Structure formats: C-alpha cells, structure tokens
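Enquirer: Below: one structure in structure tokens.
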Amino acid sequence: MNYLSKICRTTHPYVAGEQPQDRSYVKLNTNENPYPPCKGVKEFVKNFDIDRLKLYPDPQNTALAEEIAKKHGLDKENVFIGNGSDEVLAMCFPTFFDKDGDGVAYADVTYSFYKVWAKLNEIPSCVIPLLDDFKLDVSKFKQTKCQGMIICNPNAPTGLIVNRLDLMAIIEANPEKIIIIDEAYADFCNCSMANYVSKYPNLLIVRTFSKSYSLAGARCGYALGNTALINGLKTIKDSFNSYTVNALTEGIAIRALQDTEYFNSCVDKIIATRDKVADELRGLGFEVLQSSSNFLFVKHKERPASEVYYQLKKHGVLVRHFSYGRIDNYLRITVGSPKEMASLVSALDDILKVEFNKSESEEE
C-alpha cells in the first residue's frame with residue numbers, strides 16, 4: 001500500500017550540493033562564505049540567555065524587521081522574515097500564484113528550486129530560455145504571458161547580472177504581474193533593486209544572510225516589498241508556522257547587520273579573490289563567465305567538466321557539476337579563502353599537466 005500523495009510520488013526534490021563525510025575536503029561547492037561571522041555574533045551566542053528557549057520567539061521578529069528596514073531605508077511593515085531565503089521563496093508560490101493561473105515564469109538556466117516549488121504547488125511553469133551567452137532575454141520577459149516571474153540576480157549558477165534599467169523595463173512592462181527578484185548574491189555586486197520597492201507595488205525582493213553575512217547555518221532570509229505583498233506572505237506563513245525564525249537566529253542576524261565594517265571587509269575580500277582566481281583559471285585554459293557573485297561558472301576548452309570535477313574530488317577539492325542540459329560542461333566554483341583557492345588552482349594545474357603529458361606520451 002502506498003500512503004504517499006500523488007504530488008509527493010511525482011515530485012523530484014531539489015538536490016543540494018554534496019556534503020561527503022569520508023575525508024576532509026576543500027569545500028567549494030555550496031557557495032558558503034569562507035570567513036567566520038562577525039565578533040558581535042560570537043558574543044551574542046556566548047551570552048545568550050538559555051532560559052529564553054523555553055519561550056516562543058516573537059512571531060513577527062520585530063527587532064530584526066526593524067534592523068533590516070533601517071538597512072534598506074524602509075519601514076518594518078515592508079519586511080517579511082523567514083527561515084532562510086529558500087523558505088521565503090517557497091512561501092511566494094502559494095502567496096502569489098494560482099493553480100489555474102497563467103503560471104510563474106523563470107529562466108531555463110537558473111536556481112533549480114523554482115521548478116520544484118512550482119511543481120509542488122501545482123503551478124504552471126513558463127520557462128524562458130536564456131540567450132546563447134547565458135544572459136537574460138529581456139524582451140521575452142517583458143512580454144511573456146504569466147501570472148508573475150522570478151528573476152535570480154545575479155543569476156545562479158551563471159553569476160551574470162541583469163542591469164537595473166533592464167529590470168525596470170521588465171517591471172514597468174508588467175504592472176499587473178508580481179515580479180520577484182531573488183538577490184541571494186546581490187551583495188557581491190552593485191545590482192540590488194531593494195531601493196525600488198517603494199516605487200513599484202508589484203516588486204518583491206528576496207535576500208539572505210547565508211552568503212555575504214556568513215550565516216548559512218543560522219537559516220535566515222527576508223523579503224522586501226509593499227505592505228500588501230508582505231501581508232500576503234504573512235498570511236501564508238501564519239497558516240503554516242507562525243514561529244519560523246527562532247530567537248537565537250534573530251539575535252545573530254541583528255548583530256551581523258550592525259557590523260557593517262566587517263561585512264564590507266569580507267565582501268571586498270571575496271570579490272578580490274574572485275577576480276584574481278578568474279584570471280588564473282583563464283590562464284589554465286578555462287572559459288570563465290564574468291561573475292558578479294561569490295562563485296565562478298567555468299568550462300575548460302578541452303577537458304570535459306565531468307572529468308575535471310571527478311579529478312578535483314580525488315584531489316580533495318569539491319566543486320559543483322550540473323550534469324544536465326545546456327550547462328552540462330560547466331562547473332560552478334565557490335570563491336573560498338585565498339588558501340582554499342590556491343589549493344584549487346594547484347590541483348587543477350596538476351590535473352591538467354598530468355593529462356597533457358599523458359597525451360604527449362601517447363602521440364610519441
């Protein structure tokens with residue numbers, strides 16, 4: 001007897017980056033921040049009153065909402081907080097899309113969780129192909145028939161951005177549609193549209209503490225939008241779980257927001273490392289897309305991505321290989337610390353040299 005629902009039986013879940021436990025790896029496959037959280041986070045955790053855990057947290061996370069609102073020049077009523085940006089995005093589907101509606105539009109190469117959430121909520125998907133160079137087809141997004149759309153900016157896994165003028169053109173061409181911009185990586189470039197939520201009532205921005213704030217393990221994300229959109233998300237949240245963000249995570253996120261100097265320092269270091277390693281990889285024969293995120297999207301001119309991935313893993317370096325469709329021959333490489341990236345480049349140098357010498361020997 002099968003007790004699972006039809007939806008459960010037919011849903012293919014999102015597959016996260018692997019987390020092998022067999023040995024110690026240089027872990028460059030899940031876009032985590034290589035630097036620790038700020039000192040304020042450590043002090044908060046050290047001094048946290050354990051007795052607070054016997055009480056439910058504030059269901060509105062008011063203190064954190066006020067801190068986020070201050071960061072973006074908004075009111076706390078313009079902020080929705082969830083257990084990671086994935087939960088916020090997941091709640092967007094039942095909040096803004098109908099089963100019998102015109103569907104949700106997103107790119108064919110983007111964050112693959114969008115497809116899963118659409119399927120889980122039985123919402124039609126309108127998949128719009130990226131251009132040959134993996135850039136967003138702005139003209140098609142401006143005119144596609146859908147109930148709303150999600151644009152990841154910078155995009156994952158390509159790292160490419162859509163500029164503000166093009167995003168504004170898409171938003172203004174679709175005033176009757178919800179436009180959700182997933183800005184998980186926006187702190188690594190100057191492309192955020194957060195300042196425009198007051199101008200566009202159909203714009204929702206989704207952001208996370210996981211990447212630029214080094215808090216992937218704390219699980220906290222948020223959305224910015226007008227009160228009608230935010231209240232809609234709260235209705236869905238309170239119909240599912242009123243207490244999504246715990247008291248410890250809320251305090252941690254507040255402390256992280258308050259240390260802007262440390263935040264800026266970490267972001268700057270990651271950007272500098274990203275650009276340096278991009279040049280080094282090009283020198284090793286890789287084609288590297290112009291990244292605006294904390295990862296690089298690359299393919300070697302001669303060696304298959306699957307082989308490079310496998311050889312790197314043997315050398316103790318994990319990267320992400322998406323073995324499907326148009327990106328089957330690409331690798332996504334998280335920008336780690338300078339030491340971690342030196343290990344990556346050294347391993348690649350060894351791998352490519354060995355193969356090159358082998359080929360030479362065979363020719364002789």
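By order in the structure tokens, chains are A, B, ...; within a chain, residues start at 1; ligands start at 1, following the order shown.
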List the neighbours of Thr11 in chain A out to 12 Å using only C-alpha atoms; skip same-chain residues closer than 3 positions along the sequence, and give me the result as a list in words.
Expert: Leu4, Ser5, Lys6, Ile7, Cys8, Tyr14, Phe113, Lys115, Val116, Trp117, Ala118, Lys119, Leu120, Asn121 and Glu122 of chain A
Enquirer: Which of these, A:Pro13, A:Pro154, A:Gly103, A:Gly73, has the shortest distance to Ile181 in chain A once you count only C-alpha atoms?
Expert: A:Pro154
Enquirer: For Asn202 in chain A, find every residue with an atom within 12 Å (counting only C-alpha atoms), except residues of its own chain fewer than 2 positions away, and show them as a VMD selection string.
Expert: chain A and resid 96 147 to 150 168 170 to 181 196 to 200 204 to 205 224 to 230
Enquirer: Grab the residues selected above and save them as a compact mmCIF listing (two decimals), in the first residue's frame with N, CA, C and O atoms.
Expert:
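Below you can see selection-v5.txt, which holds the result:
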# COMPACT_ATOMS: atom_id res chain seq x y z
N PHE A 96 1.41 34.10 -4.28
CA PHE A 96 1.25 34.94 -5.47
C PHE A 96 0.81 34.20 -6.74
O PHE A 96 0.54 34.85 -7.75
N GLN A 147 1.48 34.75 -14.70
CA GLN A 147 0.90 35.46 -13.56
C GLN A 147 1.95 36.30 -12.85
O GLN A 147 1.64 37.29 -12.18
N GLY A 148 3.19 35.91 -13.00
CA GLY A 148 4.30 36.61 -12.39
C GLY A 148 5.59 35.90 -12.72
O GLY A 148 5.60 34.87 -13.41
N MET A 149 6.71 36.45 -12.25
CA MET A 149 8.00 35.87 -12.61
C MET A 149 9.01 35.98 -11.48
O MET A 149 8.87 36.83 -10.58
N ILE A 150 10.01 35.11 -11.53
CA ILE A 150 11.13 35.15 -10.60
C ILE A 150 12.41 35.30 -11.40
O ILE A 150 12.67 34.51 -12.33
N MET A 168 13.99 47.38 -14.62
CA MET A 168 12.92 48.37 -14.55
C MET A 168 12.01 48.26 -15.78
O MET A 168 10.78 48.39 -15.67
N ILE A 170 11.36 45.54 -17.45
CA ILE A 170 10.53 44.35 -17.25
C ILE A 170 9.40 44.64 -16.27
O ILE A 170 8.23 44.28 -16.50
N ILE A 171 9.73 45.30 -15.17
CA ILE A 171 8.73 45.61 -14.15
C ILE A 171 7.65 46.54 -14.71
O ILE A 171 6.45 46.32 -14.53
N GLU A 172 8.08 47.58 -15.40
CA GLU A 172 7.14 48.57 -15.92
C GLU A 172 6.29 48.00 -17.07
O GLU A 172 5.17 48.48 -17.31
N ALA A 173 6.81 46.99 -17.77
CA ALA A 173 6.03 46.37 -18.85
C ALA A 173 4.99 45.39 -18.31
O ALA A 173 4.11 44.95 -19.06
N ASN A 174 5.09 45.07 -17.02
CA ASN A 174 4.20 44.07 -16.43
C ASN A 174 3.61 44.55 -15.10
O ASN A 174 3.76 43.89 -14.06
N PRO A 175 2.93 45.69 -15.08
CA PRO A 175 2.43 46.24 -13.82
C PRO A 175 1.38 45.37 -13.13
O PRO A 175 1.17 45.48 -11.93
N GLU A 176 0.75 44.47 -13.90
CA GLU A 176 -0.29 43.61 -13.34
C GLU A 176 0.28 42.28 -12.82
O GLU A 176 -0.47 41.44 -12.30
N LYS A 177 1.59 42.09 -12.95
CA LYS A 177 2.22 40.82 -12.56
C LYS A 177 3.18 41.04 -11.39
O LYS A 177 3.82 42.09 -11.29
N ILE A 178 3.29 40.04 -10.53
CA ILE A 178 4.26 40.08 -9.45
C ILE A 178 5.65 39.79 -10.04
O ILE A 178 5.83 38.85 -10.80
N ILE A 179 6.61 40.62 -9.69
CA ILE A 179 8.00 40.43 -10.13
C ILE A 179 8.84 40.18 -8.89
O ILE A 179 9.04 41.08 -8.05
N ILE A 180 9.33 38.96 -8.75
CA ILE A 180 10.15 38.59 -7.61
C ILE A 180 11.60 38.52 -8.05
O ILE A 180 11.93 37.83 -9.02
N ILE A 181 12.46 39.27 -7.37
CA ILE A 181 13.89 39.24 -7.69
C ILE A 181 14.63 38.58 -6.53
O ILE A 181 14.60 39.07 -5.40
N TYR A 196 13.90 50.09 -4.85
CA TYR A 196 12.79 50.36 -5.77
C TYR A 196 11.46 49.77 -5.31
O TYR A 196 10.46 49.91 -6.02
N VAL A 197 11.44 49.11 -4.15
CA VAL A 197 10.18 48.50 -3.73
C VAL A 197 9.12 49.55 -3.40
O VAL A 197 7.92 49.28 -3.48
N SER A 198 9.55 50.74 -3.02
CA SER A 198 8.59 51.82 -2.74
C SER A 198 8.01 52.40 -4.04
O SER A 198 6.89 52.91 -4.05
N LYS A 199 8.75 52.27 -5.12
CA LYS A 199 8.31 52.81 -6.40
C LYS A 199 7.38 51.84 -7.13
O LYS A 199 6.41 52.27 -7.78
N TYR A 200 7.67 50.53 -7.02
CA TYR A 200 6.91 49.54 -7.78
C TYR A 200 6.12 48.64 -6.83
O TYR A 200 6.69 47.83 -6.10
N LEU A 204 8.92 42.47 -5.49
CA LEU A 204 9.31 41.84 -4.23
C LEU A 204 10.77 41.42 -4.32
O LEU A 204 11.16 40.73 -5.28
N ILE A 205 11.56 41.82 -3.35
CA ILE A 205 12.98 41.46 -3.28
C ILE A 205 13.17 40.40 -2.21
O ILE A 205 12.66 40.53 -1.10
N LEU A 224 11.47 42.04 0.87
CA LEU A 224 11.15 43.46 0.94
C LEU A 224 10.09 43.77 -0.11
O LEU A 224 10.20 43.35 -1.27
N GLY A 225 9.05 44.49 0.29
CA GLY A 225 8.01 44.85 -0.66
C GLY A 225 6.97 45.75 -0.02
O GLY A 225 7.10 46.10 1.17
N ASN A 226 5.96 46.13 -0.78
CA ASN A 226 4.93 46.97 -0.17
C ASN A 226 4.09 46.14 0.81
O ASN A 226 4.17 44.91 0.83
N THR A 227 3.31 46.81 1.63
CA THR A 227 2.62 46.12 2.73
C THR A 227 1.63 45.07 2.23
O THR A 227 1.44 44.05 2.90
N ALA A 228 1.04 45.28 1.07
CA ALA A 228 0.09 44.29 0.55
C ALA A 228 0.80 42.97 0.26
O ALA A 228 0.29 41.88 0.58
N LEU A 229 1.97 43.04 -0.36
CA LEU A 229 2.74 41.83 -0.66
C LEU A 229 3.23 41.17 0.63
O LEU A 229 3.15 39.94 0.78
N ILE A 230 3.74 41.98 1.54
CA ILE A 230 4.27 41.44 2.80
C ILE A 230 3.16 40.81 3.63
O ILE A 230 3.33 39.72 4.20
Enquirer: So that I can check the surroundings of Arg164 in chain A, please list as an MDAnalysis selection string every protein, DNA and RNA residue that reaches within 10 Å of it, counting only C-alpha atoms and ignoring chain neighbours fewer than 5 positions away.
Expert: chainID A and resid 169:170 190:193 196
Enquirer: Might you pull out every residue within 12 Å of Ile161 in chain A, with only C-alpha atoms counted and same-chain residues fewer than 3 positions away left off, and present them as a ChimeraX atom specification?
Expert: /A:110,134-138,151-158,164-167,181-183,185-186,188-193,289-293
Enquirer: With distances taken over only C-alpha atoms, which residue among A:Arg23, A:Arg219, A:Lys299, A:Lys39 lies nearest Asp328 in chain A?
Expert: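 Ranked by minimum distance to Asp328 in chain A, first place goes to A:Lys299.
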